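Some notes on the structure that comes next.
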Amino acid sequence: MSHPPASLDQVLETSGSEVLVRARGLTKKFGSFTAVDGIDFDLYRGEAFGFLGPNGAGKSSTMRMIGCVSPPTSGELAILGVDPVRNGPAIRARLGVVPQEDTLDVELTVRENLLVYGRYFGLPRRVIRERAAALLEFVQLADRANSKVDPLSGGLKRRLTIARSLINEPEILILDEPTTGLDPQARHVVWDRLFRLKQRGVTLILTTHYMDEAEQLCDRLVVMDHGRFAAEGSPRDLIARYCSPEVLELRFDPDLHHAAADKLKDFSAERSEVLADRILLYVADGDAALAAVRASGLEPLTSLVRRGTLEDVFLYLTGRRLED
Amino acid sequence: MAPTLLATGVSSSWPFSSLSFRAFQCWLTRYRRIWRSSIWSSVLGPICYLGALGFGLGTLVDKHSTASLGGVSYLAFVAPAILASGAMNTAMGEASYPVFGSIKWNRIYIGAQASPLRPADIFRGHLMFMAMRIAMNAAVVIVVMWAFGAIRSAWVVLAYPAAVLTGLAFAAPIAAWAVMVKVETSFNYLFRFVMMPLMLFSGTFFPLSQLPAGLRALAYATPLWHGVALCRAFSLGTAASDPAGMGGHAAYLAVLAAVGIWAGARTYRRRLHV
């Protein structure tokens with residue numbers, strides 16, 4: 001057993017700086033494949049920080065390194081001021097993790113899942129019982145405390161996973177795609193609970209490939225693609241920087257789709273994107289642009305004027321859609 | 001200094017490793033749900049074996065000379081081998097699919113690794129549970145042996161730790177391997193090509209003197225033979241006449257268990273902390 005340095009807790013408590021996670025040139029390789037390619041970031045206490053990107057962008061690999069279960073291949077990483085490779089257990093004692101796929105013990109009851117997990121953290125049984133009751137209340141599962149986990153719906157399981165991740169009262173909560181696979185209602189419940197945690201001062205680090213999730217929860221986010229950061233900022237900043245105020249979505253008869261796309265190329269939009277089924281025009285004024293399209297003799301089957309979103313930012317930065 | 005270590009939950013030199021013990025408690029909580037059904041199969045197994053072999057087959061065998069069995073009844077001869085091979089079977093059962101499943105199916109290891117537990121703690125905690133299951137089943141076999149009148153000596157109290165050691169000599173290396181297994185069909189090879197031949201050719205059902213010399217040498221090299229020899233010597237009370245031999249058997253098994261424990265800490269880390 002390698003004991004952590006005696007002063008570890010002092011380091012953790014008195015590091016002064018509010019930077020909880022600091023990465024410089026952080027890199028993760030699996031054989032010849034580079035999952036995370038030299039990223040730099042600082043995460044501050046109390047913020048909600050999002051890693052946005054499509055599958056395979058390197059989000060989960062980054063999360064695993066922050067979660068101290070995956071040693072970086074190279075670069076610097078400091079969590080709570082210390083090296084995760086040497087102080088993994090001490091850091092993990094202060095983290096909560098909501099993994100991408102639930103790791104609940106389906107053979108145990110809802111409460112037993114919390115009891116077992118609390119024991120992993122070495123908490124006394126009395127403390128675990130008290131916290132478990134409060135946490136089940138928090139995620140609105142108190143009435144299911146004694147039911148088995150197996151028959152619970154995906155949304156309830158997710159909430160239990162969140163409750164379990166909070167049993168050690170973590171300073172940092174790491175969430176890897178917290179609402180993937182949930183129905184809209186269940187997602188809103190999860191978002192609401194996460195927002196309350198943030199209000200309480202818990203630092204949230206999350207990955208998502210849902211732009212609405214990032215917009216709802218994140219103070220700051222990075223758009224990740226091919227293991228690198230394509231952009232960094234608040235959702236509003238990113239939209240302002242990389243997207244027009246409005247977006248005009250046009251759908252044409254499939255036979256005319258390409259012809260229309262060609263014709264719209266010369267159009268006076270800031271920029272356009274041709275998707276498989278739609279054409280997006282990035283414009284200052286959507287209604288005026290639609291009128292101009294019609295005046296040029298093109299008649300779309302459907303049209304939609306909307307505000308720019310993170311999805312547009314992502315499309316612009318990576319040339320791909322988020323959920324592809 | 002001590003309080004800060006406790007606060008981060010990392011103090012772990014007591015009693016064995018408190019972190020490993022935490023992982024063990026998880027398995028204990030799970031086992032509380034199924035122990036009743038598992039006890040029945042633990043009891044029924046040895047009763048069937050000792051009934052069929054000891055009484056059924058034994059009646060036939062005992063009609064001929066039992067000189068090659070060392071002059072004891074077939075029941076007394078085969079019972080300690082059932083004890084040793086039972087420990088091996090429990091070990092293989094507990095160290096194969098449950099280890100694989102803890103990564104692929106119920107993902108218990110994946111959940112546990114987000115806590116302060118290190119891969120080695122997760123391994124040792126699970127191994128403690130395997131040892132407990134091996135010890136429980138071995139205790140049941142000894143009680144059944146006693147009920148069948150198959151025990152010849154009070155030295156049998158040492159057959160108990162010998163059986164547990166035999167189990168550990170299998171459980172630790174198999175768990176160390178199982179955590180790296182990618183497809184579950186690999187375990188079929190373990191059961192067909194390791195467990196089955198060992199069960200049949202380790203001096204369990206007949207003395208090794210019945211085998212041709214080449215095969216005999218091979219059997220001597222297998223761990224189950226050492227476990228069987230140890231358990232049998234204690235159950236029949238012949239151990240005192242060959243203390244060096246007993247020491248050799250125990251050392252062989254202990255080395256195997258130790259290598260497994262050493263290797264497991266490494267394979268678990270390689271598999272879990274990628």
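Chain lettering (A, B, ...) mirrors the order of the structure tokens, residue numbering begins at 1 for each chain separately, and ligand numbering begins at 1 in order of display.
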
* Close residues, Ile39 (chain A) itself excluded, 10 Å, only C-alpha atoms, min 4 positions apart in chain, as a list of chain:residue names ->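 Result of the neighbour search: A:Ala23, A:Arg24, A:Gly25, A:Leu26, A:Thr27, A:Lys28, A:Thr62, A:Gly75, A:Glu76, A:Met224, A:Gly227, A:Arg228, A:Phe229.
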
* To do: Please report as a PyMOL selection string which residues of chain A come no farther than 9 Å from chain B, using only C-alpha atoms.
  => chain A and resi 1+3-4+6-10+30+64+67-71+88-97+99+102-108+112+115-117+119-123+165

* To do: Excluding Met199 (chain B) and any residue of its chain fewer than 3 positions from it, enumerate the residues within 12 Å of it, using only C-alpha atoms, and give them as an NGL selection string.
  => :B and (78 or 81-89 or 191-196 or 202-206 or 219 or 222-225 or 227-228)

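Shortest atom-to-atom contact with Glu213 (chain A) among A:Glu177, A:Asp183, A:Asp150, A:Glu249: A:Glu177, counting only C-alpha atoms.
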
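Here CA of Ile128 (chain A) stands at a distance of 15.2 Å from CA of Ile162 (chain A).
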
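The protein and nucleic acid residues lying at most 7 Å from Cys243 (chain A) are Ile239, Gly308, Asp312 and Val313 of chain A, with only C-alpha atoms considered and sequence neighbours fewer than 4 positions away removed.
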
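Distances from A:Ala260, A:Ala276, A:Val98, A:Ala78 to Leu194 (chain A) were compared using only C-alpha atoms, and the smallest one belongs to A:Val98.
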
* Asked: Closest to Asp225 (chain A) among A:Val21, A:Leu52, A:Leu77, A:Val110, using only C-alpha atoms?
  ->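 Of A:Val21, A:Leu52, A:Leu77, A:Val110, the one nearest Asp225 (chain A) is A:Leu52, counting only C-alpha atoms.
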
Nearby residues (only C-alpha atoms) at most 12 Å from Leu298 (chain A), same-chain spacing under 2 positions excluded, as a PDB file with N, CA and C atoms, in the first residue's frame:
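Saved file selection_22.pdb follows:
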ATOM      1  N   LEU A 250     -34.690  24.993 -44.594  1.00  0.00           N
ATOM      2  CA  LEU A 250     -35.547  24.779 -45.763  1.00  0.00           C
ATOM      3  C   LEU A 250     -35.537  23.307 -46.149  1.00  0.00           C
ATOM      4  N   ARG A 251     -36.723  22.806 -46.455  1.00  0.00           N
ATOM      5  CA  ARG A 251     -36.811  21.431 -46.921  1.00  0.00           C
ATOM      6  C   ARG A 251     -37.482  21.457 -48.294  1.00  0.00           C
ATOM      7  N   PHE A 252     -36.799  20.828 -49.252  1.00  0.00           N
ATOM      8  CA  PHE A 252     -37.348  20.821 -50.607  1.00  0.00           C
ATOM      9  C   PHE A 252     -37.756  19.407 -50.977  1.00  0.00           C
ATOM     10  N   ASP A 253     -38.496  19.306 -52.056  1.00  0.00           N
ATOM     11  CA  ASP A 253     -38.772  18.005 -52.649  1.00  0.00           C
ATOM     12  C   ASP A 253     -37.434  17.295 -52.855  1.00  0.00           C
ATOM     13  N   LEU A 256     -35.524  17.796 -55.955  1.00  0.00           N
ATOM     14  CA  LEU A 256     -35.034  19.150 -56.247  1.00  0.00           C
ATOM     15  C   LEU A 256     -33.980  19.612 -55.237  1.00  0.00           C
ATOM     16  N   HIS A 257     -33.716  18.738 -54.240  1.00  0.00           N
ATOM     17  CA  HIS A 257     -32.863  19.108 -53.116  1.00  0.00           C
ATOM     18  C   HIS A 257     -31.509  19.663 -53.583  1.00  0.00           C
ATOM     19  N   ALA A 259     -30.504  20.624 -56.654  1.00  0.00           N
ATOM     20  CA  ALA A 259     -30.627  21.802 -57.520  1.00  0.00           C
ATOM     21  C   ALA A 259     -30.839  23.051 -56.686  1.00  0.00           C
ATOM     22  N   ALA A 260     -31.706  22.915 -55.670  1.00  0.00           N
ATOM     23  CA  ALA A 260     -31.982  24.052 -54.788  1.00  0.00           C
ATOM     24  C   ALA A 260     -30.720  24.442 -54.034  1.00  0.00           C
ATOM     25  N   ALA A 261     -29.981  23.432 -53.589  1.00  0.00           N
ATOM     26  CA  ALA A 261     -28.763  23.700 -52.831  1.00  0.00           C
ATOM     27  C   ALA A 261     -27.783  24.498 -53.686  1.00  0.00           C
ATOM     28  N   ASP A 262     -27.652  24.089 -54.962  1.00  0.00           N
ATOM     29  CA  ASP A 262     -26.739  24.801 -55.869  1.00  0.00           C
ATOM     30  C   ASP A 262     -27.145  26.255 -56.017  1.00  0.00           C
ATOM     31  N   LYS A 263     -28.440  26.444 -56.219  1.00  0.00           N
ATOM     32  CA  LYS A 263     -28.934  27.791 -56.455  1.00  0.00           C
ATOM     33  C   LYS A 263     -28.736  28.670 -55.218  1.00  0.00           C
ATOM     34  N   LEU A 264     -28.932  28.068 -54.032  1.00  0.00           N
ATOM     35  CA  LEU A 264     -28.830  28.837 -52.789  1.00  0.00           C
ATOM     36  C   LEU A 264     -27.388  29.174 -52.423  1.00  0.00           C
ATOM     37  N   PHE A 267     -26.555  32.595 -52.653  1.00  0.00           N
ATOM     38  CA  PHE A 267     -27.459  33.432 -51.888  1.00  0.00           C
ATOM     39  C   PHE A 267     -26.704  34.258 -50.862  1.00  0.00           C
ATOM     40  N   ALA A 289     -34.906  36.513 -45.271  1.00  0.00           N
ATOM     41  CA  ALA A 289     -34.204  35.553 -46.123  1.00  0.00           C
ATOM     42  C   ALA A 289     -35.199  34.627 -46.811  1.00  0.00           C
ATOM     43  N   LEU A 290     -36.231  34.188 -46.062  1.00  0.00           N
ATOM     44  CA  LEU A 290     -37.237  33.296 -46.642  1.00  0.00           C
ATOM     45  C   LEU A 290     -37.969  34.001 -47.786  1.00  0.00           C
ATOM     46  N   ALA A 291     -38.308  35.262 -47.561  1.00  0.00           N
ATOM     47  CA  ALA A 291     -38.981  36.030 -48.616  1.00  0.00           C
ATOM     48  C   ALA A 291     -38.094  36.116 -49.850  1.00  0.00           C
ATOM     49  N   ALA A 292     -36.791  36.311 -49.625  1.00  0.00           N
ATOM     50  CA  ALA A 292     -35.859  36.425 -50.743  1.00  0.00           C
ATOM     51  C   ALA A 292     -35.739  35.098 -51.486  1.00  0.00           C
ATOM     52  N   VAL A 293     -35.757  33.991 -50.741  1.00  0.00           N
ATOM     53  CA  VAL A 293     -35.691  32.672 -51.386  1.00  0.00           C
ATOM     54  C   VAL A 293     -36.900  32.488 -52.288  1.00  0.00           C
ATOM     55  N   ARG A 294     -38.059  32.817 -51.739  1.00  0.00           N
ATOM     56  CA  ARG A 294     -39.286  32.660 -52.528  1.00  0.00           C
ATOM     57  C   ARG A 294     -39.255  33.568 -53.766  1.00  0.00           C
ATOM     58  N   ALA A 295     -38.781  34.783 -53.585  1.00  0.00           N
ATOM     59  CA  ALA A 295     -38.719  35.744 -54.689  1.00  0.00           C
ATOM     60  C   ALA A 295     -37.812  35.239 -55.801  1.00  0.00           C
ATOM     61  N   SER A 296     -36.807  34.417 -55.437  1.00  0.00           N
ATOM     62  CA  SER A 296     -35.888  33.903 -56.451  1.00  0.00           C
ATOM     63  C   SER A 296     -36.487  32.718 -57.189  1.00  0.00           C
ATOM     64  N   PRO A 300     -39.848  26.135 -51.099  1.00  0.00           N
ATOM     65  CA  PRO A 300     -39.591  25.009 -50.201  1.00  0.00           C
ATOM     66  C   PRO A 300     -40.884  24.334 -49.746  1.00  0.00           C
ATOM     67  N   LEU A 301     -40.807  23.010 -49.488  1.00  0.00           N
ATOM     68  CA  LEU A 301     -41.973  22.283 -48.965  1.00  0.00           C
ATOM     69  C   LEU A 301     -42.289  22.772 -47.565  1.00  0.00           C
ATOM     70  N   THR A 302     -41.251  22.885 -46.758  1.00  0.00           N
ATOM     71  CA  THR A 302     -41.436  23.434 -45.416  1.00  0.00           C
ATOM     72  C   THR A 302     -40.298  24.396 -45.150  1.00  0.00           C
ATOM     73  N   SER A 303     -40.562  25.326 -44.232  1.00  0.00           N
ATOM     74  CA  SER A 303     -39.505  26.244 -43.847  1.00  0.00           C
ATOM     75  C   SER A 303     -39.657  26.552 -42.365  1.00  0.00           C
TER      76      SER A 303
END

* Mind pulling up the distance from CA of Asn188 (chain B) to CA of Tyr97 (chain B)? ->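 Separation of CA of Tyr97 (chain B) and CA of Asn188 (chain B): 10.4 Å.
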
* Asked: Which polymer residues have any atom within 12 Å of an atom of Ala240 (chain B), counting only C-alpha atoms, with same-chain residues fewer than 6 positions away left out, as a PyMOL selection string?
  -> chain B and resi 153-155+158+230+233-234+246-247

* To do: Fewer than 2 positions away in the same chain doesn't count, so skip those; otherwise give me all residues within 12 Å of Ala133 (chain A), counting only C-alpha atoms, as a PyMOL selection string.
  => chain A and resi 110-112+114-115+126-131+135-146+160+163-164+167

* To do: Go ahead and compute the interatomic distance for CA of Val305 (chain A) and CA of Val274 (chain A), in Å to one decimal.
  =>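 Here the two named atoms are 16.0 Å from each other.
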
* All alpha helix (DSSP H) positions in region 77-181 of chain B, as number ranges by chain -> B: 77-95, 97-104, 108-112, 119-147, 156-178
